[in-house]
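Asks: Dropping the structure in here first, questions after.
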Amino acid sequence: MSFPWAQEYKPKHPLMQWFDERLPLPRLVYNSVGAGYPTPRNLNYFWNFGSLAGLALVIQIVTGVVLAMHYYSTVDGAFNSVEHIMRNVNSGWLIRYAHMNGASFFFIVVYIHMFRGLYFGSYKAPREMIWLLGVVIFLLMMATGFLGYVLPWGQMSFWAAQVITGFFSAIPLVGEPLRQWLLGGFAPDQATLSRFFSLHYLLPFVIAGVIILHIWALHIPGSSNPTGVPVKKEEDTVPFHPYYTAKDGFGVGVFLIAFVIMTFFAPNFMGHPDNYIPANPLSTPAHIVPEWYYWPFYAILRAFTVDFGIPFTGIVIIPAKLMGVLAMFGSILLFFFLPWLDTSPVRSGHYRPLFKKFFWFGLIPSVIILSICGVMEATTTWLILAQISGAYYFAHFLIILPLISRIEKPLPLPGSITEAVTGKPLKEAAA
Amino acid sequence: MRKPAEPAVAKEAAVAAVEEPRRRDFIHIATVSFAGVGTAAAAVPMLTQMSASADVRALASIEVDVSAIEPGQAIKTMWRKQPVFVSRLTPEKIAEAKKDDNAPMRDPQTLEERTLPNREEWLVMLAVCTHLGCVPTGAAQGEPKGDFDGYFCPCHGSHYDVAGRIRKGPAPTNLVVPEELSFVSDTVIKIG
Ligand code: HEM
Ligand code: FES
């Protein structure tokens, strides 16, 4: 773990020494986020988003535990209890709006964090495990966000529960029984709401656990950096504290400003007004859309409208419904294979001319178009756009990345991090 | 781990390895199997508790008085917590549905197969889109009926025809006609 030049923990106060000898927690903190953790000297602001994601989780847990003190998980009581939180509970409106917008900010931060990984090749050896654990966290977050969205038991909550558990009914043979098992009935009802609340409370703590593994795995090779060139000598690094504690702290300030602006001035901007209508199992809202962070995946789900089979024989191999569901899950599960799809030894997109073109003019636009398709009504034009950009999305990871890794001629890499920063080569130190 | 140092001991171990399973191996396997079976048995109630509870399963049946439904009208009701369409087709709609009986479809069915004998003006279906479960529009006056003059599911754009058969969009099958459907009298139907 860590580099040979890492500073050793030396307790200054006898009390700390007493503590450290019995439980080396001060040492753990010092070596992970203190002066004992040497970090590349050239990290840019994209490297702030990991600590911000941690902060977002803390905000969700704190506001969530408070909401749970006032919330009733019954089909008759849930909607009213949320209104009670908004109107009667002291500062309840603030706590609920912080939790609602906190979920969105959590996803914003995590998407930027993933973008960083994708562009700077952070998923490559020796950091594959960090990436894989990150994908697990992302899946857990998506589940948690969905479960939470069901809790207010508004129209969008109810129909989200119906449609999303409906994904499972696409699985041949066991699908429908599985769906009823998840719901605890034939349609979303009390059993569904109670278990969703229980799981919504549980999963954030599971996420916290996986984050510990994620950071543990990170601290073995240490952070990558914008050049992707590994750390060679002490000059390439600075101690985490005070350098990155200060930089992360600055990021926290900026994040909190953006967060409170949304929470105070546009708290419902990222929500859907139909969720202020109590759940009605008899009528689906005219236009149901998921929360913004699911849009690209929702667009992929809807992009499949015809069965996959042998033409003109009527033989169906995979029905459209199953295709949509498989593609949607596939678009995320694909990330698990990314470290082995992109075989280029160069990590950073800066030094990969072809990769960079496909990244900026292929992947990013396809995800943006998919997001737009996900929120639009399912008309032919939007469906075709979703089909094209969805096809590109899969082709990018499964065909283009493996191919360009082979044919691309990368730009010359700097000799070291220090050279990239100062322009002068790293001194050949004795021994 | 045994030390491979003394050849005599190593030889003894080699002989032991080819011999019958030892008493201790048996105890190990038996203990682990016992613990495994016990854990699996304990997992069963943890999993089955999630399935529909007895009150939800209790075969709820409903009777619906349909005497007030005029030809061309439809009502929505609830059965097993799921919405149901009860619609009374006009002769024109019946003709329209029959005309399409042999049209190419994803889930081919005739109107006759979707109604009870001699009651083909009564179409009773779960109002649950077979795609992901939204309630299609088209039962009430003025709601969008889709490209086939029947039902339209706004969620992901499934179009059903007058007889509730899937014609376009992602839904895999026709709107479900409950098997448990019967007529108690000319004006009362029973589901379940
Ligand atoms: C991973 C972190 C979390 C995410 C992404 C998340 C997300 C959400 C979302 C999107 C909602 C719906 C907001 C609305 O429309 O009102 C919600 C509601 C809720 N959440 Fe969370 N949550 C998280 C953590 C927690 C935790 C740790 C708890 C409790 C211990 C909690 C308790 C609640 C409660 C009681 C509600 C219902 C009240 C309401 O709707 O405002 N959440 N959550
Ligand atoms: S639920 Fe009806 S089209 Fe998807």
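Note on naming: chains are A, B, ... as they come in the structure tokens, residues start from 1 per chain, ligands start from 1 in the order shown.
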Please return as a PyMOL selection string: the residues of range 6-160 of chain B that backbone DSSP assigns to helix (DSSP H, G or I).
Replies: chain B and resi 7-18+23-48+54-57+91-99+111-114
Asks: Could you tell me which residues of chain A sit within 8 Å of chain B when counting only C-alpha atoms, and give me the result as a PDB file with C-alpha atoms, in the first residue's frame?
Replies:
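The new file out.pdb reads:
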ATOM      1  CA  TRP A 159     -46.906   4.025 -11.848  1.00  0.00           C
ATOM      2  CA  GLN A 162     -45.994  -0.730 -11.663  1.00  0.00           C
ATOM      3  CA  VAL A 163     -43.818  -0.166 -14.733  1.00  0.00           C
ATOM      4  CA  ILE A 164     -40.448  -0.931 -13.168  1.00  0.00           C
ATOM      5  CA  THR A 165     -41.568  -4.155 -11.515  1.00  0.00           C
ATOM      6  CA  GLY A 166     -43.109  -4.883 -14.921  1.00  0.00           C
ATOM      7  CA  PHE A 167     -39.553  -5.161 -16.309  1.00  0.00           C
ATOM      8  CA  SER A 169     -42.395  -9.863 -16.128  1.00  0.00           C
ATOM      9  CA  GLN A 180     -45.801 -10.766  -8.008  1.00  0.00           C
ATOM     10  CA  TRP A 181     -43.154 -11.854  -5.525  1.00  0.00           C
ATOM     11  CA  LEU A 182     -41.489  -8.449  -5.729  1.00  0.00           C
ATOM     12  CA  LEU A 183     -44.798  -6.623  -5.340  1.00  0.00           C
ATOM     13  CA  GLY A 184     -46.319  -8.992  -2.800  1.00  0.00           C
ATOM     14  CA  GLY A 185     -49.544  -9.012  -4.825  1.00  0.00           C
ATOM     15  CA  PHE A 186     -50.988  -8.541  -8.286  1.00  0.00           C
ATOM     16  CA  ALA A 187     -50.422  -4.790  -8.342  1.00  0.00           C
ATOM     17  CA  ASP A 189     -50.239  -2.040  -2.839  1.00  0.00           C
ATOM     18  CA  PRO A 281     -54.568   2.664  -9.563  1.00  0.00           C
ATOM     19  CA  LEU A 282     -57.356   3.224 -12.108  1.00  0.00           C
ATOM     20  CA  SER A 283     -55.673   5.803 -14.267  1.00  0.00           C
ATOM     21  CA  THR A 284     -52.164   6.220 -15.604  1.00  0.00           C
ATOM     22  CA  ALA A 286     -50.986  10.752 -19.803  1.00  0.00           C
ATOM     23  CA  HIS A 287     -47.237  11.107 -19.946  1.00  0.00           C
ATOM     24  CA  ILE A 288     -45.215   9.128 -17.470  1.00  0.00           C
ATOM     25  CA  ARG A 302     -38.591   1.954 -25.312  1.00  0.00           C
ATOM     26  CA  PHE A 304     -37.484  -1.824 -29.110  1.00  0.00           C
ATOM     27  CA  THR A 305     -40.897  -1.896 -30.760  1.00  0.00           C
ATOM     28  CA  VAL A 306     -40.704  -4.949 -33.006  1.00  0.00           C
ATOM     29  CA  PRO A 319     -40.156 -10.485 -28.035  1.00  0.00           C
ATOM     30  CA  ALA A 320     -39.782  -6.694 -28.212  1.00  0.00           C
ATOM     31  CA  LYS A 321     -40.588  -6.380 -24.526  1.00  0.00           C
ATOM     32  CA  GLU A 377     -43.440  11.103 -25.889  1.00  0.00           C
ATOM     33  CA  ALA A 378     -43.034   7.816 -27.707  1.00  0.00           C
ATOM     34  CA  THR A 379     -43.677   9.117 -31.233  1.00  0.00           C
TER      35      THR A 379
END
Asks: Considering only C-alpha atoms, can you say which of A:Leu15, A:Val206, A:Met141, A:Ile364 comes closest to Ala103 in chain A?
Replies: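 Residue with the minimum atom-to-atom distance to Ala103 in chain A: A:Met141.
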Asks: Would you name the residues within 6 Å of ligand 1, counting only C-alpha atoms and all ligand atoms, and put them as a list in words?
Replies: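 Those residues are Leu57, Gln60, Ile61, Gly64, Val65, Leu67, Ala68, Tyr71, Val82, Arg96, Met100, Ala103, Met141, Thr144, Gly145, Gly148, Tyr149, Leu151, Pro152, Tyr201 and Pro204 of chain A.
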Asks: Give me, as a list in words, all polymer residues having an atom no more than 9 Å from Asn42 in chain A, counting only C-alpha atoms and skipping those fewer than 5 positions away in the same chain.
Replies: Asn225, Pro226, Thr227, Asp236, Thr237, Ile417, Thr418, Ala420 and Val421 of chain A
Asks: Save the residues we just selected, C-alpha atoms, as a PDB file, in the first residue's frame?
Replies:
ATOM      1  CA  ASN A 225      -4.157  11.561 -12.773  1.00  0.00           C
ATOM      2  CA  PRO A 226      -4.980  13.593 -15.904  1.00  0.00           C
ATOM      3  CA  THR A 227      -1.886  12.410 -17.779  1.00  0.00           C
ATOM      4  CA  ASP A 236       5.328  13.592  -8.526  1.00  0.00           C
ATOM      5  CA  THR A 237       3.201  13.663  -5.397  1.00  0.00           C
ATOM      6  CA  ILE A 417       3.903  13.854 -13.845  1.00  0.00           C
ATOM      7  CA  THR A 418       6.522  16.390 -12.777  1.00  0.00           C
ATOM      8  CA  ALA A 420       3.943  17.417 -17.445  1.00  0.00           C
ATOM      9  CA  VAL A 421       3.531  20.064 -14.729  1.00  0.00           C
TER      10      VAL A 421
END
Asks: With DSSP run on the backbone, what are the strand (DSSP E or B) residues within range 286-320 of chain A? I'd like them as a VMD selection string.
Replies: chain A and resid 308 to 310 315 to 318
Asks: Can you write just those residues out, C-alpha atoms, as a PDB file, in the first residue's frame?
Replies:
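The new file out-v4.pdb reads:
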ATOM      1  CA  PHE A 308     -36.778 -10.123 -32.981  1.00  0.00           C
ATOM      2  CA  GLY A 309     -37.383 -13.283 -34.979  1.00  0.00           C
ATOM      3  CA  ILE A 310     -37.109 -14.972 -38.350  1.00  0.00           C
ATOM      4  CA  ILE A 315     -41.351 -17.140 -35.430  1.00  0.00           C
ATOM      5  CA  VAL A 316     -40.410 -14.888 -32.541  1.00  0.00           C
ATOM      6  CA  ILE A 317     -37.074 -15.524 -30.881  1.00  0.00           C
ATOM      7  CA  ILE A 318     -36.999 -12.567 -28.497  1.00  0.00           C
TER       8      ILE A 318
END
Asks: Which residues come within 6 Å of Phe120 in chain A, counting only C-alpha atoms, excluding same-chain residues fewer than 2 positions away, as number ranges by chain?
Replies: A: 116-118, 122, 347-349
Asks: Using all heavy atoms, can you write the selected residues to a file as a PDB file, in the first residue's frame?
Replies:
ATOM      1  N   ARG A 116     -15.370  11.297 -15.679  1.00  0.00           N
ATOM      2  CA  ARG A 116     -13.936  11.401 -15.428  1.00  0.00           C
ATOM      3  C   ARG A 116     -13.262  10.053 -15.680  1.00  0.00           C
ATOM      4  O   ARG A 116     -12.261   9.944 -16.394  1.00  0.00           O
ATOM      5  CB  ARG A 116     -13.728  11.855 -13.972  1.00  0.00           C
ATOM      6  CG  ARG A 116     -12.334  12.231 -13.559  1.00  0.00           C
ATOM      7  CD  ARG A 116     -11.427  11.068 -13.214  1.00  0.00           C
ATOM      8  NE  ARG A 116     -12.053  10.040 -12.400  1.00  0.00           N
ATOM      9  CZ  ARG A 116     -12.000   9.997 -11.092  1.00  0.00           C
ATOM     10  NH1 ARG A 116     -11.376  10.940 -10.430  1.00  0.00           N
ATOM     11  NH2 ARG A 116     -12.565   9.006 -10.425  1.00  0.00           N
ATOM     12  N   GLY A 117     -13.863   8.997 -15.095  1.00  0.00           N
ATOM     13  CA  GLY A 117     -13.308   7.665 -15.257  1.00  0.00           C
ATOM     14  C   GLY A 117     -13.241   7.246 -16.718  1.00  0.00           C
ATOM     15  O   GLY A 117     -12.249   6.679 -17.181  1.00  0.00           O
ATOM     16  N   LEU A 118     -14.315   7.566 -17.455  1.00  0.00           N
ATOM     17  CA  LEU A 118     -14.379   7.147 -18.857  1.00  0.00           C
ATOM     18  C   LEU A 118     -13.352   7.890 -19.698  1.00  0.00           C
ATOM     19  O   LEU A 118     -12.695   7.316 -20.558  1.00  0.00           O
ATOM     20  CB  LEU A 118     -15.784   7.414 -19.424  1.00  0.00           C
ATOM     21  CG  LEU A 118     -16.891   6.486 -18.923  1.00  0.00           C
ATOM     22  CD1 LEU A 118     -18.247   6.991 -19.372  1.00  0.00           C
ATOM     23  CD2 LEU A 118     -16.654   5.073 -19.437  1.00  0.00           C
ATOM     24  N   SER A 122      -9.610   5.781 -16.126  1.00  0.00           N
ATOM     25  CA  SER A 122      -9.323   5.353 -14.752  1.00  0.00           C
ATOM     26  C   SER A 122      -9.684   3.894 -14.505  1.00  0.00           C
ATOM     27  O   SER A 122      -9.326   3.338 -13.474  1.00  0.00           O
ATOM     28  CB  SER A 122     -10.107   6.206 -13.753  1.00  0.00           C
ATOM     29  OG  SER A 122      -9.895   7.561 -13.973  1.00  0.00           O
ATOM     30  N   ARG A 347      -3.853   5.554 -20.810  1.00  0.00           N
ATOM     31  CA  ARG A 347      -5.068   5.778 -20.033  1.00  0.00           C
ATOM     32  C   ARG A 347      -5.794   7.050 -20.481  1.00  0.00           C
ATOM     33  O   ARG A 347      -6.960   7.015 -20.853  1.00  0.00           O
ATOM     34  CB  ARG A 347      -4.743   5.904 -18.551  1.00  0.00           C
ATOM     35  CG  ARG A 347      -4.168   4.655 -17.955  1.00  0.00           C
ATOM     36  CD  ARG A 347      -4.228   4.669 -16.429  1.00  0.00           C
ATOM     37  NE  ARG A 347      -3.597   3.459 -15.923  1.00  0.00           N
ATOM     38  CZ  ARG A 347      -2.294   3.357 -15.697  1.00  0.00           C
ATOM     39  NH1 ARG A 347      -1.500   4.398 -15.876  1.00  0.00           N
ATOM     40  NH2 ARG A 347      -1.778   2.224 -15.274  1.00  0.00           N
ATOM     41  N   SER A 348      -5.091   8.174 -20.411  1.00  0.00           N
ATOM     42  CA  SER A 348      -5.770   9.461 -20.560  1.00  0.00           C
ATOM     43  C   SER A 348      -6.216   9.727 -21.993  1.00  0.00           C
ATOM     44  O   SER A 348      -5.451   9.558 -22.948  1.00  0.00           O
ATOM     45  CB  SER A 348      -4.831  10.571 -20.116  1.00  0.00           C
ATOM     46  OG  SER A 348      -5.405  11.809 -20.430  1.00  0.00           O
ATOM     47  N   GLY A 349      -7.457  10.197 -22.139  1.00  0.00           N
ATOM     48  CA  GLY A 349      -7.997  10.577 -23.445  1.00  0.00           C
ATOM     49  C   GLY A 349      -7.207  11.694 -24.112  1.00  0.00           C
ATOM     50  O   GLY A 349      -7.223  11.834 -25.331  1.00  0.00           O
TER      51      GLY A 349
END
Asks: With distances taken over only C-alpha atoms, which residue among A:Pro311, A:Pro188, A:Ala143, A:Val367 lies nearest Phe115 in chain A?
Replies: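 For Phe115 in chain A, the nearest of the candidates is A:Val367.
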Asks: Give me, please, the distance in Å between CA of His272 in chain A and CA of Leu202 in chain A, quoted to one decimal.
Replies: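 Separating CA of His272 in chain A from CA of Leu202 in chain A is a distance of 25.3 Å.
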Asks: Excluding range 293-300 of chain A and residues on its chain fewer than 6 positions from it, collect all residues at most 8 Å away from it, counting only C-alpha atoms, and give them as a VMD selection string.
Replies: chain A and resid 104 107 324 327 to 328 331 367 to 375 386 to 387 390
Asks: Expressed in Å to a single decimal, how great is the separation between CA of Leu181 in chain B and CA of Ala163 in chain B?
Replies: 16.2 Å
Asks: Grab the CA of Phe146 in chain A to CA of His113 in chain A distance for me, in Å with one decimal place.
Replies: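 Computed distance, CA of Phe146 in chain A to CA of His113 in chain A, equals 20.7 Å.
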Asks: For range 58-73 of chain B, list every protein, DNA or RNA residue within 10 Å, evaluated using only C-alpha atoms, and leave out those in the same chain fewer than 5 positions away; present the list as a ChimeraX atom specification.
Replies: /B:52-53,78-81,86-93,121-122,139-141,180-192
Asks: Residues at most 7 Å from Ala279 in chain A, counting only C-alpha atoms, excluding those fewer than 2 positions away in the same chain, as an MDAnalysis selection string?
Replies: chainID A and resid 153:155 158 277 281
Asks: Would you please work out which residue, of B:Leu175, B:Val44, B:Val37, B:Leu116, is nearest to ligand 2 when using only C-alpha atoms and all ligand atoms?
Replies: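 Distance minimum relative to ligand 2 lands on B:Leu175.
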